[in-house]
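This report concerns only the one structure given below.
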Amino acid sequence: MKKNKNTRIIGKNVILVPYKRQHVPKYHQWMESPELQLLTASEPLTVDEEYEMQKSWLTDEDKCTFIILEKSVFDETNDEIGAMIGDTNLFLYSSDDSLRMAEAEIMIAEFSARRKRRGWEAMLLMLRYGCEELNVEKFQVKISLDNDKSISMFQKIGLTKVSESAVFKEITLEKQVDENWKLWLKEETQGSKCIVTEE
């Protein structure tokens with residue numbers, strides 16, 4: 001979406017930056033992995049299709065995405081491509097009861113960045129951004145039933161199971177935003193900065 005195209009969120013160990021054209025080759029390389037295709041329920045795209053997808057992420061007002069950078073690597077090299085470790089997304093829509101909803105996604109693609117709570121921090125930053133900047137009132141995630149780590153992470157964040165599909169082999173969890181949860185997100189991401197630059 002255009003709202004976040006010049007936004008950079010700086011956390012303790014990760015930095016979230018908008019998904020731009022220069023990120024596409026590395027992102028495309030990640031998504032050729034059968035493991036990541038399975039975990040993210042994604043179909044493989046050609047590199048040209050990935051460039052088109054990146055354009056839609058930038059212009060569609062119902063999609064918000066950030067590339068996740070390893071902060072220590074970026075601070076040392078100033079190289080976004082070399083520091084890329086994953087991405088996080090929100091798909092925005094209205095629920096049946098007219099709540100502003102977002103389906104959240106997180107992917108840590110770089111194996112070396114896993115099991116270091118980078119996904120946890122990036123997701124909390126994204127959820128906080130959704131609450132504070134996009135006025136999201138309820139979050140939802142759909143996770144493959146065999147992705148125990150992701151299910152556990154979202155349950156710790158406060159989302160609860162609302163349904164399970166044997167057909168799609170996935171579980172759906174949700175969290176309605178309230179003031180206590182917003183305060184918890186703020187405390188968990190204390191010290192982070194959301195910077196908007198003009199280009």
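Just so we're on the same page: first chain in the structure tokens is A, next is B, and so on; residues restart at 1 for each chain, and ligands are numbered from 1 in the order they show up.
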
Exercise. Just asking: which residues within region 22-185 of chain A are alpha helix (DSSP H) according to DSSP, as an NGL selection string?
Worked result: :A and (24-30 or 34-40 or 47-59 or 71-77 or 80-83 or 118-133 or 148-157 or 179-185)

Exercise. Neighbours of region 136-144 of chain A within 6 Å (only C-alpha atoms; same-chain residues fewer than 5 positions away dropped), as a list in words?
Worked result: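 Counting only the stated atoms, we get Arg100, Met101, Ala102, Glu103, Ala104, Gly130, Cys131, Lys169, Glu170, Ile171, Thr172, Leu173, Glu174, Lys175, Gln176 and Val177 of chain A.
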
For this session: Could you give me, as JSON, numbers by chain, the residues within 6 Å of region 13-22 of chain A, counting only C-alpha atoms and dropping anything in the same chain fewer than 5 positions from it?
Result: {"A": [5, 8, 66, 67, 68, 69, 70, 71]}

For this session: Quote the spacing between CA of Asp60 (chain A) and CA of Asn78 (chain A) in Å to one decimal place.
Result: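 These two atoms are separated by 28.6 Å.
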
For this session: Please give the complete set of residues from region 56-142 of chain A that DSSP, run on the backbone, assigns to strand (DSSP E or B), formatted as a ChimeraX atom specification.
Result: /A:63-70,84-94,100-108,138-142

For this session: Would you kindly return, as a PyMOL selection string, each protein, DNA or RNA residue with an atom no farther than 12 Å from any atom of Glu43 (chain A), considering only C-alpha atoms and excluding same-chain residues fewer than 3 positions away?
Result: chain A and resi 28+31-40+46+49-50

Using the selection just defined, write its residues with N, CA, C and O atoms as a compact mmCIF listing (two decimals), in the first residue's frame.
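Ended up saving to selection-v8.txt:
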# COMPACT_ATOMS: atom_id res chain seq x y z
N HIS A 28 12.41 -13.75 -4.77
CA HIS A 28 12.06 -14.80 -5.74
C HIS A 28 12.89 -16.06 -5.48
O HIS A 28 12.37 -17.18 -5.55
N MET A 31 11.43 -17.96 -2.64
CA MET A 31 10.15 -18.60 -2.92
C MET A 31 10.24 -19.75 -3.92
O MET A 31 9.25 -20.39 -4.23
N GLU A 32 11.45 -20.05 -4.38
CA GLU A 32 11.65 -21.26 -5.18
C GLU A 32 11.81 -22.48 -4.29
O GLU A 32 11.82 -23.60 -4.76
N SER A 33 11.94 -22.24 -2.97
CA SER A 33 12.11 -23.32 -2.01
C SER A 33 10.78 -24.06 -1.78
O SER A 33 9.79 -23.44 -1.36
N PRO A 34 10.73 -25.38 -2.04
CA PRO A 34 9.49 -26.14 -1.78
C PRO A 34 9.04 -26.04 -0.32
O PRO A 34 7.84 -26.00 -0.03
N GLU A 35 10.01 -25.97 0.61
CA GLU A 35 9.67 -25.86 2.05
C GLU A 35 8.90 -24.57 2.31
O GLU A 35 7.87 -24.58 2.99
N LEU A 36 9.41 -23.45 1.78
CA LEU A 36 8.74 -22.17 2.01
C LEU A 36 7.40 -22.10 1.28
O LEU A 36 6.45 -21.51 1.78
N GLN A 37 7.32 -22.70 0.12
CA GLN A 37 6.04 -22.76 -0.60
C GLN A 37 4.99 -23.50 0.25
O GLN A 37 3.85 -23.07 0.35
N LEU A 38 5.43 -24.59 0.87
CA LEU A 38 4.53 -25.38 1.70
C LEU A 38 4.11 -24.61 2.95
O LEU A 38 2.92 -24.53 3.29
N LEU A 39 5.09 -24.02 3.64
CA LEU A 39 4.80 -23.30 4.89
C LEU A 39 3.93 -22.07 4.67
O LEU A 39 3.17 -21.68 5.55
N THR A 40 4.09 -21.43 3.50
CA THR A 40 3.33 -20.20 3.24
C THR A 40 2.12 -20.44 2.33
O THR A 40 1.44 -19.50 1.96
N THR A 46 7.01 -16.95 -11.63
CA THR A 46 8.20 -16.58 -12.41
C THR A 46 8.72 -15.27 -11.84
O THR A 46 8.01 -14.55 -11.11
N GLU A 49 6.45 -12.46 -12.82
CA GLU A 49 5.24 -12.44 -12.00
C GLU A 49 5.53 -11.86 -10.62
O GLU A 49 4.69 -11.15 -10.03
N GLU A 50 6.72 -12.14 -10.08
CA GLU A 50 7.10 -11.61 -8.77
C GLU A 50 7.25 -10.09 -8.82
O GLU A 50 6.86 -9.39 -7.88

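Proximity ranking of A:Val24, A:Leu125, A:Asp146, A:Met53 relative to Ala166 (chain A) places A:Asp146 first, based on only C-alpha atoms.
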
Problem set entry | Nearest residue to Lys2 (chain A) from the set A:Glu179, A:Glu188, A:Glu61, A:Glu121 (distances using only C-alpha atoms) | A:Glu61

Exercise. Mind pulling up the distance from CA of Gly86 (chain A) to CA of Glu110 (chain A)?
Worked result: 6.8 Å
